[in-house]
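One file, data-v1.cif, is given below (mmCIF, C-alpha atoms).
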```
data_start
#
loop_
_atom_site.group_PDB
_atom_site.id
_atom_site.type_symbol
_atom_site.label_atom_id
_atom_site.label_comp_id
_atom_site.auth_asym_id
_atom_site.auth_seq_id
_atom_site.Cartn_x
_atom_site.Cartn_y
_atom_site.Cartn_z
ATOM 1 C CA MET A 1 8.564 116.722 62.357
ATOM 2 C CA LYS A 2 10.929 119.282 60.922
ATOM 3 C CA VAL A 3 14.681 119.203 61.371
ATOM 4 C CA SER A 4 17.408 121.447 60.044
ATOM 5 C CA VAL A 5 20.439 119.975 58.319
ATOM 6 C CA LEU A 6 23.712 121.874 58.090
ATOM 7 C CA PHE A 7 26.497 121.338 55.556
ATOM 8 C CA PHE A 8 30.078 122.555 55.745
ATOM 9 C CA GLY A 9 33.049 122.738 53.410
ATOM 10 C CA ALA A 10 32.967 119.899 50.882
ATOM 11 C CA THR A 11 29.427 118.814 51.787
ATOM 12 C CA ALA A 12 28.123 122.378 51.364
ATOM 13 C CA ASP A 13 29.688 122.432 47.889
ATOM 14 C CA GLU A 14 28.211 119.037 46.981
ATOM 15 C CA ALA A 15 24.745 119.878 48.305
ATOM 16 C CA GLY A 16 24.849 123.373 46.808
ATOM 17 C CA THR A 17 23.517 124.759 50.080
ATOM 18 C CA ARG A 18 24.629 125.291 53.652
ATOM 19 C CA GLU A 19 21.342 124.537 55.353
ATOM 20 C CA ILE A 20 18.056 122.842 54.544
ATOM 21 C CA GLU A 21 14.970 121.996 56.506
ATOM 22 C CA ILE A 22 13.402 118.581 55.953
ATOM 23 C CA ASP A 23 10.220 116.883 57.088
ATOM 24 C CA PHE A 24 10.483 113.428 58.524
ATOM 25 C CA ALA A 25 8.319 110.919 60.394
ATOM 26 C CA ASP A 26 8.402 111.398 64.166
ATOM 27 C CA ASN A 27 10.957 109.392 66.137
ATOM 28 C CA ALA A 28 13.000 108.425 63.094
ATOM 29 C CA LYS A 29 16.454 106.996 63.683
ATOM 30 C CA ALA A 30 19.403 109.179 62.769
ATOM 31 C CA GLU A 31 20.651 106.689 60.193
ATOM 32 C CA GLU A 32 17.335 106.812 58.309
ATOM 33 C CA VAL A 33 17.337 110.589 58.246
ATOM 34 C CA PHE A 34 20.962 110.793 57.149
ATOM 35 C CA GLY A 35 20.288 108.111 54.497
ATOM 36 C CA GLU A 36 17.474 110.252 53.139
ATOM 37 C CA ILE A 37 19.732 113.304 53.035
ATOM 38 C CA VAL A 38 22.363 111.403 51.050
ATOM 39 C CA ASN A 39 19.621 110.195 48.656
ATOM 40 C CA LYS A 40 18.527 113.771 48.205
ATOM 41 C CA PHE A 41 22.074 114.923 47.433
ATOM 42 C CA PRO A 42 23.712 111.892 45.778
ATOM 43 C CA ARG A 43 27.049 113.682 45.301
ATOM 44 C CA LEU A 44 27.523 113.486 49.062
ATOM 45 C CA GLY A 45 28.093 109.790 48.438
ATOM 46 C CA ASN A 46 31.464 110.666 46.879
ATOM 47 C CA HIS A 47 32.789 111.341 50.372
ATOM 48 C CA LYS A 48 33.315 109.538 53.615
ATOM 49 C CA LEU A 49 30.766 111.334 55.783
ATOM 50 C CA LEU A 50 30.460 112.144 59.453
ATOM 51 C CA PHE A 51 27.171 113.052 61.077
ATOM 52 C CA ALA A 52 26.174 115.107 64.079
ATOM 53 C CA VAL A 53 22.932 115.546 65.977
ATOM 54 C CA ASN A 54 22.592 118.673 68.095
ATOM 55 C CA GLN A 55 26.330 119.386 67.818
ATOM 56 C CA GLU A 56 27.446 115.932 68.989
ATOM 57 C CA TYR A 57 28.883 113.191 66.779
ATOM 58 C CA ALA A 58 26.153 110.694 65.886
ATOM 59 C CA GLY A 59 26.563 106.965 65.394
ATOM 60 C CA GLY A 60 23.145 106.417 63.778
ATOM 61 C CA ASP A 61 21.106 104.949 66.637
ATOM 62 C CA GLU A 62 19.950 108.329 67.913
ATOM 63 C CA THR A 63 16.240 109.106 67.818
ATOM 64 C CA ILE A 64 15.620 112.350 66.021
ATOM 65 C CA SER A 65 13.117 114.836 67.451
ATOM 66 C CA ASP A 66 11.325 117.831 66.030
ATOM 67 C CA GLY A 67 13.601 120.845 65.886
ATOM 68 C CA ASP A 68 16.861 118.908 66.088
ATOM 69 C CA GLU A 69 19.942 120.334 64.394
ATOM 70 C CA LEU A 70 21.637 117.772 62.177
ATOM 71 C CA ALA A 71 24.918 118.190 60.335
ATOM 72 C CA VAL A 72 26.650 116.289 57.551
ATOM 73 C CA PHE A 73 30.360 116.822 56.958
ATOM 74 C CA THR A 74 33.581 115.203 55.829
ATOM 75 C CA ALA A 75 36.408 114.086 58.101
ATOM 76 C CA VAL A 76 37.714 117.199 59.804
ATOM 77 C CA SER A 77 40.937 118.878 58.687
ATOM 78 C CA GLY A 78 41.691 121.696 61.088
ATOM 79 C CA GLY A 79 45.120 122.490 62.456
ATOM 80 C CA MET B 1 33.890 137.111 56.541
ATOM 81 C CA PRO B 2 32.944 139.467 59.378
ATOM 82 C CA GLU B 3 35.325 139.597 62.285
ATOM 83 C CA LYS B 4 34.248 137.458 65.125
ATOM 84 C CA GLU B 5 35.542 135.930 68.244
ATOM 85 C CA ILE B 6 33.762 133.307 70.248
ATOM 86 C CA GLN B 7 35.182 132.401 73.596
ATOM 87 C CA ASN B 8 34.194 129.820 76.204
ATOM 88 C CA PRO B 9 30.457 130.394 76.231
ATOM 89 C CA LYS B 10 29.947 128.308 79.337
ATOM 90 C CA SER B 11 33.080 126.593 80.426
ATOM 91 C CA LYS B 12 32.695 123.384 82.369
ATOM 92 C CA THR B 13 36.399 123.103 83.060
ATOM 93 C CA GLN B 14 37.430 123.910 86.591
ATOM 94 C CA ASN B 15 40.621 125.781 85.964
ATOM 95 C CA ARG B 16 40.186 129.514 85.585
ATOM 96 C CA LEU B 17 43.174 129.958 83.265
ATOM 97 C CA ASP B 18 42.048 127.457 80.633
ATOM 98 C CA PHE B 19 40.639 128.967 77.494
ATOM 99 C CA TYR B 20 39.769 128.025 73.978
ATOM 100 C CA LYS B 21 38.326 130.050 71.151
ATOM 101 C CA ILE B 22 38.025 130.475 67.433
ATOM 102 C CA THR B 23 38.621 133.778 65.739
ATOM 103 C CA THR B 24 39.109 135.433 62.367
ATOM 104 C CA GLU B 25 41.740 137.767 63.835
ATOM 105 C CA PRO B 26 45.500 137.173 63.451
ATOM 106 C CA LEU B 27 46.956 135.148 66.336
ATOM 107 C CA ASP B 28 49.597 136.451 68.753
ATOM 108 C CA VAL B 29 51.388 133.302 69.798
ATOM 109 C CA GLY B 30 53.300 134.809 72.714
ATOM 110 C CA ALA B 31 50.240 136.483 74.178
ATOM 111 C CA ILE B 32 48.301 133.217 74.076
ATOM 112 C CA ALA B 33 51.088 131.376 75.879
ATOM 113 C CA ARG B 34 51.457 134.036 78.583
ATOM 114 C CA LYS B 35 47.755 133.921 79.379
ATOM 115 C CA ILE B 36 47.971 130.456 80.877
ATOM 116 C CA VAL B 37 51.109 130.637 83.031
ATOM 117 C CA PRO B 38 50.500 130.148 86.757
ATOM 118 C CA ALA B 39 53.128 130.440 89.481
ATOM 119 C CA SER B 40 53.221 126.682 90.000
ATOM 120 C CA CYS B 41 54.543 125.939 86.522
ATOM 121 C CA GLY B 42 58.087 125.437 85.334
ATOM 122 C CA ALA B 43 57.435 124.866 81.653
ATOM 123 C CA ILE B 44 55.163 125.937 78.881
ATOM 124 C CA VAL B 45 55.035 124.254 75.484
ATOM 125 C CA THR B 46 53.390 126.116 72.624
ATOM 126 C CA LEU B 47 52.581 124.791 69.173
ATOM 127 C CA ASP B 48 52.472 127.465 66.489
ATOM 128 C CA GLY B 49 50.782 125.810 63.513
ATOM 129 C CA PHE B 50 50.987 127.896 60.355
ATOM 130 C CA VAL B 51 50.159 127.723 56.681
ATOM 131 C CA ARG B 52 52.705 125.633 54.791
ATOM 132 C CA GLN B 53 53.750 126.716 51.306
ATOM 133 C CA PHE B 54 54.454 123.292 49.807
ATOM 134 C CA THR B 55 52.471 120.109 50.443
ATOM 135 C CA LYS B 56 53.629 116.975 48.634
ATOM 136 C CA GLY B 57 55.294 119.107 46.001
ATOM 137 C CA ARG B 58 52.265 121.277 45.274
ATOM 138 C CA GLU B 59 52.473 124.972 46.010
ATOM 139 C CA THR B 60 49.642 126.371 48.109
ATOM 140 C CA GLU B 61 48.496 129.933 47.402
ATOM 141 C CA TYR B 62 46.392 130.297 50.525
ATOM 142 C CA LEU B 63 44.034 128.371 52.796
ATOM 143 C CA VAL B 64 40.458 129.002 53.865
ATOM 144 C CA TYR B 65 39.323 127.592 57.211
ATOM 145 C CA GLU B 66 35.700 127.004 58.101
ATOM 146 C CA ALA B 67 34.159 125.642 61.306
ATOM 147 C CA TYR B 68 30.900 124.310 62.636
ATOM 148 C CA GLU B 69 31.426 126.884 65.325
ATOM 149 C CA PRO B 70 29.226 125.829 68.259
ATOM 150 C CA MET B 71 30.207 122.181 67.872
ATOM 151 C CA ALA B 72 33.878 123.099 67.449
ATOM 152 C CA LEU B 73 33.802 124.962 70.765
ATOM 153 C CA LYS B 74 32.131 122.001 72.460
ATOM 154 C CA GLU B 75 34.761 119.615 71.097
ATOM 155 C CA MET B 76 37.569 121.967 72.149
ATOM 156 C CA GLU B 77 36.120 122.077 75.636
ATOM 157 C CA LYS B 78 36.073 118.265 75.754
ATOM 158 C CA LEU B 79 39.705 118.173 74.631
ATOM 159 C CA VAL B 80 40.756 120.521 77.416
ATOM 160 C CA ALA B 81 38.910 118.407 79.993
ATOM 161 C CA ARG B 82 40.414 115.167 78.645
ATOM 162 C CA ALA B 83 43.909 116.677 78.619
ATOM 163 C CA HIS B 84 43.538 117.562 82.287
ATOM 164 C CA ALA B 85 42.412 114.006 83.041
ATOM 165 C CA GLU B 86 45.319 112.390 81.180
ATOM 166 C CA PHE B 87 48.323 114.639 81.845
ATOM 167 C CA GLU B 88 49.924 116.393 84.810
ATOM 168 C CA ILE B 89 49.296 119.877 83.493
ATOM 169 C CA GLU B 90 48.033 123.138 84.923
ATOM 170 C CA ASN B 91 46.483 125.071 82.057
ATOM 171 C CA VAL B 92 45.693 124.816 78.382
ATOM 172 C CA GLY B 93 45.033 127.501 75.786
ATOM 173 C CA ILE B 94 43.749 126.636 72.304
ATOM 174 C CA VAL B 95 42.954 129.150 69.583
ATOM 175 C CA HIS B 96 42.067 128.297 65.999
ATOM 176 C CA ARG B 97 41.777 130.909 63.316
ATOM 177 C CA LEU B 98 39.125 130.883 60.582
ATOM 178 C CA GLY B 99 38.794 132.544 57.206
ATOM 179 C CA ARG B 100 41.473 133.150 54.593
ATOM 180 C CA LEU B 101 45.059 132.627 55.746
ATOM 181 C CA GLU B 102 48.153 133.414 53.735
ATOM 182 C CA ILE B 103 51.366 131.377 53.658
ATOM 183 C CA GLY B 104 53.136 131.582 57.016
ATOM 184 C CA GLU B 105 50.161 132.894 58.969
ATOM 185 C CA THR B 106 49.356 131.082 62.191
ATOM 186 C CA SER B 107 46.234 128.929 61.962
ATOM 187 C CA VAL B 108 46.307 127.248 65.356
ATOM 188 C CA VAL B 109 48.000 127.798 68.691
ATOM 189 C CA ILE B 110 48.006 125.258 71.492
ATOM 190 C CA SER B 111 49.769 126.223 74.676
ATOM 191 C CA VAL B 112 50.164 123.963 77.700
ATOM 192 C CA ALA B 113 51.583 124.991 81.070
ATOM 193 C CA ALA B 114 52.811 122.315 83.452
ATOM 194 C CA PRO B 115 55.007 121.970 86.511
ATOM 195 C CA HIS B 116 57.445 119.879 84.423
ATOM 196 C CA ARG B 117 58.206 119.963 80.713
ATOM 197 C CA ARG B 118 57.577 116.334 79.802
ATOM 198 C CA ALA B 119 53.864 116.497 80.546
ATOM 199 C CA ALA B 120 53.586 119.793 78.669
ATOM 200 C CA PHE B 121 55.198 118.323 75.527
ATOM 201 C CA GLU B 122 53.113 115.178 75.671
ATOM 202 C CA ALA B 123 49.850 117.009 76.266
ATOM 203 C CA CYS B 124 50.542 119.520 73.478
ATOM 204 C CA GLU B 125 51.247 116.721 70.982
ATOM 205 C CA TRP B 126 48.152 114.829 72.109
ATOM 206 C CA LEU B 127 45.981 117.964 71.862
ATOM 207 C CA ILE B 128 46.932 118.818 68.277
ATOM 208 C CA LYS B 129 46.508 115.190 67.203
ATOM 209 C CA GLU B 130 43.047 115.037 68.780
ATOM 210 C CA LEU B 131 42.051 118.496 67.525
ATOM 211 C CA LYS B 132 42.824 117.387 63.963
ATOM 212 C CA ARG B 133 40.701 114.282 64.505
ATOM 213 C CA THR B 134 37.667 115.604 66.384
ATOM 214 C CA VAL B 135 37.137 119.375 66.158
ATOM 215 C CA PRO B 136 34.829 120.219 63.229
ATOM 216 C CA ILE B 137 37.040 122.634 61.322
ATOM 217 C CA TRP B 138 37.970 122.197 57.654
ATOM 218 C CA LYS B 139 40.604 123.716 55.434
ATOM 219 C CA LYS B 140 40.298 124.438 51.750
ATOM 220 C CA GLU B 141 43.592 124.500 49.922
ATOM 221 C CA VAL B 142 43.739 126.968 47.057
ATOM 222 C CA TYR B 143 46.550 126.417 44.586
ATOM 223 C CA ARG B 144 47.258 127.580 41.067
ATOM 224 C CA GLY B 145 44.553 126.156 38.833
ATOM 225 C CA GLY B 146 42.276 124.780 41.511
ATOM 226 C CA GLU B 147 41.081 124.362 45.026
ATOM 227 C CA THR B 148 40.095 121.432 47.187
ATOM 228 C CA TRP B 149 38.596 120.859 50.602
ATOM 229 C CA ILE B 150 41.003 118.722 52.581
ATOM 230 C CA GLU B 151 39.382 115.672 54.125
ATOM 231 C CA GLY B 152 40.980 114.315 57.262
ATOM 232 C CA ALA B 153 42.347 110.832 57.682
ATOM 233 C CA ASN B 154 39.713 109.926 60.231
#
```

Let's see the structure in the file written out as structure tokens.
Amino acid sequence: MKVSVLFFGATADEAGTREIEIDFADNAKAEEVFGEIVNKFPRLGNHKLLFAVNQEYAGGDETISDGDELAVFTAVSGG
Amino acid sequence: MPEKEIQNPKSKTQNRLDFYKITTEPLDVGAIARKIVPASCGAIVTLDGFVRQFTKGRETEYLVYEAYEPMALKEMEKLVARAHAEFEIENVGIVHRLGRLEIGETSVVISVAAPHRRAAFEACEWLIKELKRTVPIWKKEVYRGGETWIEGAN
């Protein structure tokens, strides 16, 4: 399955991109997919990261499906 | 950044005067507050959050705000719904600006109308605290000799 992964702010700088598409085994758990993304961009490990699946915060137990929109970002700092 | 304005794509909140949006346009604080005032209210509390010049002794030159826009709107919508569930308020307006903001420019406005002032103050304080914790918006601080993305406490 293919999923898109979005980066913002600090994570976009660390990954050197704002969006990638990755292939993953069907029905993978969110934590496996996010672990793979951090392996791919080790500098993300310098930050405390938050994850989202389809624009909702993800805890890691979610099952990822083809076409899902994932996001990796640092603790938010709006206001 | 191109100008843009995204407003309640499909609001699930019941109250017709609630609104929330993100925009790259300058914010008119008074206009935002007036939008949410119904006849049943006796108080409106508005937070005008703007770009601070000095943070912990370091002088900021300007800030750049970025959002995960569709998720930010969803989280803002949840905040409005939760505020209605927790406080005796009538209407809420939230607007966050994106892009480059100079010192003193308004970055966020939260306006709460309520029959009585106490609930309006409490809800406004709660809303900004929760917005800073949950809405996916980030600020980059640019200062002389460097820049850094601010990472929230959460």

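Summary of the local environment: counting all atoms listed in the file, residues at most 8 Å from Ala10 (chain A), other than itself and those fewer than 3 positions away along its chain, are Asp13, Glu14, Phe73 and Thr74 of chain A; Trp149 of chain B.
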
Decode the PyMOL selection byres ((chain A) within 8 of (chain B)) for the given file into explicit residues and return them as an MDAnalysis selection string.
chainID A and resid 8:10 55:56 74:79

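With all atoms listed in the file as the atoms that count, the residue of B:Leu101, B:Leu79, B:Ala33, B:Ile44 with the shortest distance to Glu141 (chain B) is B:Leu101.
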
For CA of Cys124 (chain B) and CA of Ile89 (chain B), the interatomic separation in Å (one decimal)
10.1 Å

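When all atoms listed in the file are used to compute distances to Phe34 (chain A), the closest of the residues A:Arg18, A:Tyr57, A:Asp68, A:Ala52 turns out to be A:Ala52.
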
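Between CA of Met76 (chain B) and CA of Ala31 (chain B) the interatomic distance comes to 19.4 Å.
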
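Here CA of Leu47 (chain B) is placed at a distance of 16.9 Å from CA of Ile103 (chain B).
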
Hey, could you pull the box centre and edge lengths for region 26-37 of chain A, axis-aligned, 8 Å padding per side, all listed atoms, to one decimal in Å, as JSON?
```
{"center_x": 14.7, "center_y": 110.0, "center_z": 59.6, "size_x": 28.6, "size_y": 22.6, "size_z": 29.1}
```

Any chance you could resolve the PyMOL selection byres ((chain A and resi 33) around 10) against this file and give the residues as a JSON list (two decimals) with C-alpha atoms, keeping the file's coordinate frame?
```json
[["chain", "number", "residue", "atom", "x", "y", "z"],
["A", 3, "VAL", "CA", 14.68, 119.20, 61.37],
["A", 5, "VAL", "CA", 20.44, 119.98, 58.32],
["A", 22, "ILE", "CA", 13.40, 118.58, 55.95],
["A", 23, "ASP", "CA", 10.22, 116.88, 57.09],
["A", 24, "PHE", "CA", 10.48, 113.43, 58.52],
["A", 25, "ALA", "CA", 8.32, 110.92, 60.39],
["A", 28, "ALA", "CA", 13.00, 108.42, 63.09],
["A", 29, "LYS", "CA", 16.45, 107.00, 63.68],
["A", 30, "ALA", "CA", 19.40, 109.18, 62.77],
["A", 31, "GLU", "CA", 20.65, 106.69, 60.19],
["A", 32, "GLU", "CA", 17.34, 106.81, 58.31],
["A", 34, "PHE", "CA", 20.96, 110.79, 57.15],
["A", 35, "GLY", "CA", 20.29, 108.11, 54.50],
["A", 36, "GLU", "CA", 17.47, 110.25, 53.14],
["A", 37, "ILE", "CA", 19.73, 113.30, 53.04],
["A", 38, "VAL", "CA", 22.36, 111.40, 51.05],
["A", 39, "ASN", "CA", 19.62, 110.20, 48.66],
["A", 60, "GLY", "CA", 23.14, 106.42, 63.78],
["A", 63, "THR", "CA", 16.24, 109.11, 67.82],
["A", 64, "ILE", "CA", 15.62, 112.35, 66.02],
["A", 70, "LEU", "CA", 21.64, 117.77, 62.18]]
```

Write out as a PyMOL selection string the residues lying within 10 Å of His116 (chain B), counting only C-alpha atoms and excluding same-chain residues fewer than 5 positions away.
chain B and resi 40-44+88-90+121

Which residues fall under the PyMOL selection byres ((chain B and resi 25) around 7) in this file, as a PyMOL selection string?
chain B and resi 3+23-24+26-27+97

Take the point (49.4, 131.8, 45.9) as written in the file and pick out every residue within 10 Å of it, counting all atoms listed in the file; give the list as a PyMOL selection string.
chain B and resi 53+59-63+102-103+142-144

Excluding Ile32 (chain B) and its own-chain neighbours fewer than 3 positions away, which residues fall within 8 Å of it when counting all atoms listed in the file? Please give them as a list in words.
Asp28, Val29, Lys35, Ile36, Gly93, Val109 and Ser111 of chain B

Point out the residue among A:Glu62, A:Gly67, A:Met1, A:Val72 with the least atom-to-atom distance to Thr17 (chain A), counting all atoms listed in the file.
A:Val72

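In terms of minimum interatomic distance to Pro38 (chain B), B:Leu17 ranks closest within B:Ile22, B:Ala83, B:Ala123, B:Leu17, counting all atoms listed in the file.
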
Pick from B:Glu105, B:Arg52, B:Arg58, B:Glu122, whichever lies nearest to Glu86 (chain B) using all atoms listed in the file:
B:Glu122

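Among B:Ala114, B:Arg34, B:Leu127, B:Gly146, the residue with the shortest atom-to-atom distance to Arg82 (chain B), counting only C-alpha atoms, is B:Leu127.
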